[in-house]
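Undergrad: Take a look at the following structure, please.
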Amino acid sequence: MMQIPERIFHLADIEPKEFDVITYFKKYPGKGLLYDIPTKLKTKDMILQVLNKEPSNLDCESLMADRILKPKLTPQRLLDYELCLLACEKEGGNLTHVPDRLIDYEICKAAVHSRPVILWKVPDRFIDFDLLKATVTCPTDWFGQGLDAVLKDERHDKSWDQKLASLAVEINPLALSIFPYEWKTKDIVHRAVSLTRSYKKDKAYLLSEFTRVTSEGTLSNSFTENKLPPEQDVLFVNKTPLSTWPLEYVPREFINDELVQLSLDVCPRSIGALFSGIGEIPKKYTSTKFLTKELLEKIVVTDPLSYEFLPDRIKKSNRELQHFMPSQDEKPKTFVSHLIGKSSSRKNKQEAAADTIILVNSQPAKTNYPITENGLLAMNSKEIEKHNITKKPVKRGSVCYISDIHIENQLDLVGKTAAEVEEVLRLRICKLSKTIDETAELIVFAGDISSSLELTKRFLRLFAAWRPVLFIPGNHELFIPPNHEHSAVDSKAEQSAALDVFKNEVKKDAVVLQNEIFVCHKRKKNFVVSESAILESTVDELKHILDECSTIVLGGTGYTGNNPDSPGCFVAESDERESSMRFRAVYDKVLDAAGDKTVIVVTHMPIWDWSDYPYHKGWIYISGHTHKNQLLMEDGIAVLADNQVGYEKKPWRFKSFSIDVAWDPVSKLPDGIHEISHDAYDAFNRNREIQATLNREGQCYCLKRGNLFMFAIEMDGKKYLLDGGKIRSLDCMLSYYYDNMVEYARRVKRLFKPFHAVLEEISSIVQSYGGNGRIHGSIVDVDLLHHICLDPAGTVSFYYAEKKGDWKRFDSFEDLLKSKNLYFVPRCLDDSTENALAAVSNETKALMLSSSEMNSAAAKTTRESYARSATISKVNYLTKNNVIRIWNDAVMRNQSLLFIDANKPIGTHLSQGRRNLPA
């Protein structure tokens, strides 16, 4: 394998750097870093440091789902009573990881108080009134899940339930939704309504929870622009508005004017309960006789959000209520736009002082582009918002792009201070951000955001919440007119110096490309290959780097050296020609090194301004400058100059195009047996969302026949089949498996096709009744704890399991749906359910009637059932991903693959249960 000279790594700034995670953790402990610290080096003090910082579930719901005691974070050897008690006090879900020898009454009580739904894990001997009281009085149990768990629990004196229910409502008024109807009294419902809440505190996290060490040995944190400023390691808590209220669960006999008014006084947005259709609220409370204009005005003034819960008929007849609402621009709807609107607080003292200066003194001069025949199709800017360029990508993503916004012409900024300009920009940027495609991997601004680098810098800073943002300078940003201070001769050096300063100032907000390549290396790290690195490397050296990149963007202004009539960046035409030649030199080098790959070429000027070259087939070209929206998509060429805003005022919106963001060298290999790297194997699995971690040393091999794959590894002279990160012995040479893999796959798929069809039908039945229906192996999940196991021998089991192997069986699916521990309320049969069930075969319906008796081929123990299910999971990789992860030569000899009569297909076994099933 070719070795790349050190100078290329240095120039491209991708040389791996050593990072001491232990030293960093001692200064800034965080839960995320525990994943990256070797197990042997972890200490109890490290775990306690994280625990003491971690927010408690008694104060707010945590966004970080991973519990501190899970084995990947805390080794078993470190678990003691003190650690387990503190962990359960902070997050009760940790109880599932506490060893049985340490579980006692205090740990269980602490666990159910901070996570009530964990009650099922508490041993029977600890169940008493005080423990159940702790369960129903968790302050962040917003919807009464603790009360629900207590009412379903069968291990305590049921005479306690009514008192426990009353205690639950005192802490969490929405527990009234769980409160049994016959226990509701006037005092109970009045108390619940008087405690109505507007919001809940959830999604709490510390920045340090998400700090991880990358494969390159650097730090990464998606919440802080991939850097973790330790001084900002603070607690963030989201306040989520509640859209359900106790009033909806009050029996009709207790609803009166006084109670409804009480609910509106305590929580104005509970007006939504009057129109929700939930509960028994009389219709008179939705009439204008009760909801007078004065009352509506009082409600909306008190809480503007309550306006959103009013039906259209109320809004239309009370249009004056809109005057009390904040503007739509001040209410970003998406998480991205919410962040983008708040990114300008990172300023130093000089920048803060600069906010008082007048940023735009006058409208900049407009330039006109000459009429040019170029073969592109004229486009209306609204015609196509997303271009489907990449066909059948391994992993689909998209690039959003826009150019020539010309802020000064689009917005009224003349005479405004820098701070006032930012406020105007913030509102427009929030609107623009809502047009970002949901699969966007890159945001590209192709020049002429404004006529000054200072204004463009402030624009990009407001957009800094999105990563990564690429900016290519346009002629309006770069042009420096000659005056008494400098001549046209000086403008080139001054432009270069100004651009360098600009790059440094916005480096945390955007990547500025000028004759450079932006790449995503092995879909792990983004970096820029500089102009000097490109030109100093050989074609082979550059090709080696680009072959390992999933996304390649070549960016630069381009200049107008080939078109003197086009408005340029310099006064002297010779400077334009020289600048275009520099870009063409970079373009030529990239063309030689990556002509067979998809490269996105982003220039401000169109190609005919900077060269006489034709478009390269397979590449994507983005440009602006002309203010004439044009498009070309034919013969594998894509030219996107169709999102130029221009001088005329109009809405701003991104357009986008699809790309394949996967780095997947394996899928591009020709048929054969190939040596591959560990990175290539990991990328193959990652792109297909296959969980596999290979930590073994050795040479990996890929066996590829069409779209069929098989992987092996050679260790100590012996070859093994790769089953994710596990290995299985191979008895023959790799050529044997390569020659037979197509026939082997065909036989396995044919053998298991009837079995998978029945699993899918069982899943559809479960979903018809409101269950989960997720299939893993031979098990279908009804909910978190209820499952259906279909044995390949033709038997079916319905069971409840709080832990693996501890099955409590039901006689039928109908009996399972009656379980008091279900996490959902089964749907009543309606037309949609009946239609879904109509597509299910009679054989599968019969299987669901009752558990089949074990026949001679069926699993005898739960352990055996799990083992068979695991085998089925490996077969599923073949049927779903075309990856062979299990090989049994019995298939090639027409014998049983697992435990099935070779002379009978699986469909035959499925029709042989306890009784003959109807045809």
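In the structure tokens, the first chain shown is A, the next is B, and so on; residue numbers restart at 1 for each chain, and ligands run from 1 in the order shown.
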DSSP on the backbone: what in stretch 660-767 of chain A comes out alpha helix (DSSP H), as a PyMOL selection string?
TA: chain A and resi 678-687+734-767
Undergrad: Grab the residues selected above and save them as a tab-separated table (two decimals), in the first residue's frame with C-alpha atoms.
TA:
```
chain	number	residue	atom	x	y	z
A	678	HIS	CA	-9.92	-2.26	8.74
A	679	ASP	CA	-11.17	1.26	7.95
A	680	ALA	CA	-12.77	0.04	4.73
A	681	TYR	CA	-14.50	-2.81	6.58
A	682	ASP	CA	-15.78	-0.42	9.27
A	683	ALA	CA	-17.01	2.02	6.60
A	684	PHE	CA	-18.89	-0.73	4.76
A	685	ASN	CA	-20.80	-1.64	7.92
A	686	ARG	CA	-21.32	1.95	9.04
A	687	ASN	CA	-22.83	2.97	5.69
A	734	LEU	CA	-11.22	-18.46	0.32
A	735	SER	CA	-11.56	-19.42	-3.34
A	736	TYR	CA	-13.99	-22.21	-2.34
A	737	TYR	CA	-16.32	-19.71	-0.65
A	738	TYR	CA	-15.97	-17.23	-3.49
A	739	ASP	CA	-16.92	-19.89	-6.06
A	740	ASN	CA	-19.98	-21.04	-4.08
A	741	MET	CA	-21.24	-17.87	-2.38
A	742	VAL	CA	-23.92	-17.03	-4.98
A	743	GLU	CA	-25.49	-20.49	-4.86
A	744	TYR	CA	-25.17	-20.60	-1.07
A	745	ALA	CA	-26.96	-17.26	-0.73
A	746	ARG	CA	-29.71	-18.36	-3.13
A	747	ARG	CA	-30.39	-21.54	-1.15
A	748	VAL	CA	-30.37	-19.80	2.25
A	749	LYS	CA	-32.75	-17.10	1.06
A	750	ARG	CA	-35.10	-19.67	-0.43
A	751	LEU	CA	-34.98	-21.74	2.75
A	752	PHE	CA	-35.82	-18.84	5.05
A	753	LYS	CA	-38.20	-16.89	2.82
A	754	PRO	CA	-41.39	-18.50	4.26
A	755	PHE	CA	-40.11	-18.00	7.81
A	756	HIS	CA	-39.39	-14.29	7.28
A	757	ALA	CA	-42.78	-13.88	5.60
A	758	VAL	CA	-44.51	-15.22	8.73
A	759	LEU	CA	-42.42	-12.96	10.98
A	760	GLU	CA	-43.48	-9.95	8.90
A	761	GLU	CA	-47.13	-10.98	9.19
A	762	ILE	CA	-46.86	-11.38	12.97
A	763	SER	CA	-45.27	-7.92	13.10
A	764	SER	CA	-48.15	-6.43	11.09
A	765	ILE	CA	-50.67	-8.00	13.50
A	766	VAL	CA	-48.84	-6.52	16.49
A	767	GLN	CA	-48.73	-3.08	14.85
```
Undergrad: Residues near stretch 514-523 of chain A, anyone? I mean within 6 Å using only C-alpha atoms, not counting same-chain ones fewer than 3 positions away, as a PyMOL selection string.
TA: chain A and resi 526-531+548-556+583+663
Undergrad: Using C-alpha atoms, can you write the selected residues to a file as a CSV table (one decimal), in the first residue's frame?
TA:
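Saved to again.csv:
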```
chain,number,residue,atom,x,y,z
A,526,ASN,CA,-13.3,17.3,7.6
A,527,PHE,CA,-10.2,19.2,6.5
A,528,VAL,CA,-8.9,21.6,3.8
A,529,VAL,CA,-6.1,20.8,1.4
A,530,SER,CA,-4.4,24.1,0.7
A,531,GLU,CA,-3.4,25.4,-2.7
A,548,GLU,CA,-10.2,8.0,0.8
A,549,CYS,CA,-12.7,10.9,0.9
A,550,SER,CA,-16.4,10.7,0.8
A,551,THR,CA,-17.0,14.3,-0.2
A,552,ILE,CA,-14.7,16.5,-2.3
A,553,VAL,CA,-15.4,20.3,-2.9
A,554,LEU,CA,-13.0,22.4,-5.0
A,555,GLY,CA,-13.7,26.0,-4.3
A,556,GLY,CA,-12.4,29.4,-5.4
A,583,PHE,CA,-7.3,28.5,-10.1
A,663,TRP,CA,-16.9,6.5,1.8
```
Undergrad: DSSP on the backbone, strand (DSSP E) only: what residues of stretch 571-672 of chain A does that give? Format it as a PyMOL selection string.
TA: chain A and resi 600-603+620-622+630-634+637-641+655-660+672
Undergrad: Include N, CA and C atoms and write out the residues we just selected as a PDB file, in the first residue's frame.
TA:
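The resulting part17.pdb:
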```pdb
ATOM      1  N   ILE A 600     -17.401  18.362  -6.433  1.00  0.00           N
ATOM      2  CA  ILE A 600     -18.270  19.535  -6.485  1.00  0.00           C
ATOM      3  C   ILE A 600     -17.373  20.756  -6.671  1.00  0.00           C
ATOM      4  N   VAL A 601     -17.499  21.423  -7.796  1.00  0.00           N
ATOM      5  CA  VAL A 601     -16.688  22.603  -8.105  1.00  0.00           C
ATOM      6  C   VAL A 601     -17.539  23.841  -7.824  1.00  0.00           C
ATOM      7  N   VAL A 602     -17.133  24.631  -6.838  1.00  0.00           N
ATOM      8  CA  VAL A 602     -17.876  25.841  -6.475  1.00  0.00           C
ATOM      9  C   VAL A 602     -17.013  27.056  -6.788  1.00  0.00           C
ATOM     10  N   THR A 603     -17.470  27.855  -7.722  1.00  0.00           N
ATOM     11  CA  THR A 603     -16.796  29.117  -8.045  1.00  0.00           C
ATOM     12  C   THR A 603     -17.837  30.216  -8.062  1.00  0.00           C
ATOM     13  N   ILE A 620     -19.991  18.180 -10.522  1.00  0.00           N
ATOM     14  CA  ILE A 620     -21.111  19.090 -10.268  1.00  0.00           C
ATOM     15  C   ILE A 620     -20.553  20.502 -10.127  1.00  0.00           C
ATOM     16  N   TYR A 621     -21.092  21.454 -10.885  1.00  0.00           N
ATOM     17  CA  TYR A 621     -20.592  22.829 -10.903  1.00  0.00           C
ATOM     18  C   TYR A 621     -21.638  23.774 -10.314  1.00  0.00           C
ATOM     19  N   ILE A 622     -21.236  24.559  -9.317  1.00  0.00           N
ATOM     20  CA  ILE A 622     -22.097  25.579  -8.719  1.00  0.00           C
ATOM     21  C   ILE A 622     -21.452  26.941  -8.961  1.00  0.00           C
ATOM     22  N   GLN A 630     -29.726  29.812 -14.198  1.00  0.00           N
ATOM     23  CA  GLN A 630     -29.629  28.874 -15.298  1.00  0.00           C
ATOM     24  C   GLN A 630     -29.238  27.490 -14.786  1.00  0.00           C
ATOM     25  N   LEU A 631     -29.538  26.491 -15.605  1.00  0.00           N
ATOM     26  CA  LEU A 631     -29.354  25.099 -15.174  1.00  0.00           C
ATOM     27  C   LEU A 631     -28.989  24.241 -16.378  1.00  0.00           C
ATOM     28  N   LEU A 632     -28.096  23.265 -16.154  1.00  0.00           N
ATOM     29  CA  LEU A 632     -27.789  22.254 -17.159  1.00  0.00           C
ATOM     30  C   LEU A 632     -27.639  20.917 -16.461  1.00  0.00           C
ATOM     31  N   MET A 633     -28.440  19.942 -16.878  1.00  0.00           N
ATOM     32  CA  MET A 633     -28.344  18.584 -16.324  1.00  0.00           C
ATOM     33  C   MET A 633     -28.558  17.588 -17.453  1.00  0.00           C
ATOM     34  N   GLU A 634     -27.447  17.143 -18.041  1.00  0.00           N
ATOM     35  CA  GLU A 634     -27.538  16.178 -19.129  1.00  0.00           C
ATOM     36  C   GLU A 634     -26.198  15.494 -19.321  1.00  0.00           C
ATOM     37  N   ILE A 637     -23.564  15.579 -16.635  1.00  0.00           N
ATOM     38  CA  ILE A 637     -23.051  16.899 -16.241  1.00  0.00           C
ATOM     39  C   ILE A 637     -24.141  17.647 -15.501  1.00  0.00           C
ATOM     40  N   ALA A 638     -23.777  18.288 -14.380  1.00  0.00           N
ATOM     41  CA  ALA A 638     -24.727  19.094 -13.610  1.00  0.00           C
ATOM     42  C   ALA A 638     -24.126  20.467 -13.377  1.00  0.00           C
ATOM     43  N   VAL A 639     -24.770  21.494 -13.929  1.00  0.00           N
ATOM     44  CA  VAL A 639     -24.345  22.882 -13.734  1.00  0.00           C
ATOM     45  C   VAL A 639     -25.485  23.604 -13.029  1.00  0.00           C
ATOM     46  N   LEU A 640     -25.238  24.026 -11.796  1.00  0.00           N
ATOM     47  CA  LEU A 640     -26.277  24.623 -10.968  1.00  0.00           C
ATOM     48  C   LEU A 640     -25.936  26.095 -10.720  1.00  0.00           C
ATOM     49  N   ALA A 641     -26.492  26.943 -11.579  1.00  0.00           N
ATOM     50  CA  ALA A 641     -26.354  28.389 -11.404  1.00  0.00           C
ATOM     51  C   ALA A 641     -27.756  28.974 -11.237  1.00  0.00           C
ATOM     52  N   LYS A 655     -31.498  26.148  -2.268  1.00  0.00           N
ATOM     53  CA  LYS A 655     -31.781  24.998  -3.108  1.00  0.00           C
ATOM     54  C   LYS A 655     -30.787  23.906  -2.716  1.00  0.00           C
ATOM     55  N   SER A 656     -31.048  22.700  -3.153  1.00  0.00           N
ATOM     56  CA  SER A 656     -30.172  21.600  -2.742  1.00  0.00           C
ATOM     57  C   SER A 656     -30.094  20.544  -3.833  1.00  0.00           C
ATOM     58  N   PHE A 657     -29.117  19.680  -3.717  1.00  0.00           N
ATOM     59  CA  PHE A 657     -29.004  18.532  -4.612  1.00  0.00           C
ATOM     60  C   PHE A 657     -28.490  17.342  -3.810  1.00  0.00           C
ATOM     61  N   SER A 658     -28.849  16.160  -4.241  1.00  0.00           N
ATOM     62  CA  SER A 658     -28.493  14.935  -3.516  1.00  0.00           C
ATOM     63  C   SER A 658     -27.068  14.511  -3.865  1.00  0.00           C
ATOM     64  N   ILE A 659     -26.398  13.940  -2.887  1.00  0.00           N
ATOM     65  CA  ILE A 659     -25.070  13.377  -3.089  1.00  0.00           C
ATOM     66  C   ILE A 659     -24.971  12.073  -2.312  1.00  0.00           C
ATOM     67  N   ASP A 660     -24.002  11.273  -2.681  1.00  0.00           N
ATOM     68  CA  ASP A 660     -23.689  10.064  -1.918  1.00  0.00           C
ATOM     69  C   ASP A 660     -22.582  10.431  -0.935  1.00  0.00           C
ATOM     70  N   GLY A 672     -14.250 -10.388  -7.042  1.00  0.00           N
ATOM     71  CA  GLY A 672     -13.005 -11.073  -6.751  1.00  0.00           C
ATOM     72  C   GLY A 672     -12.745 -11.133  -5.258  1.00  0.00           C
TER      73      GLY A 672
END
```
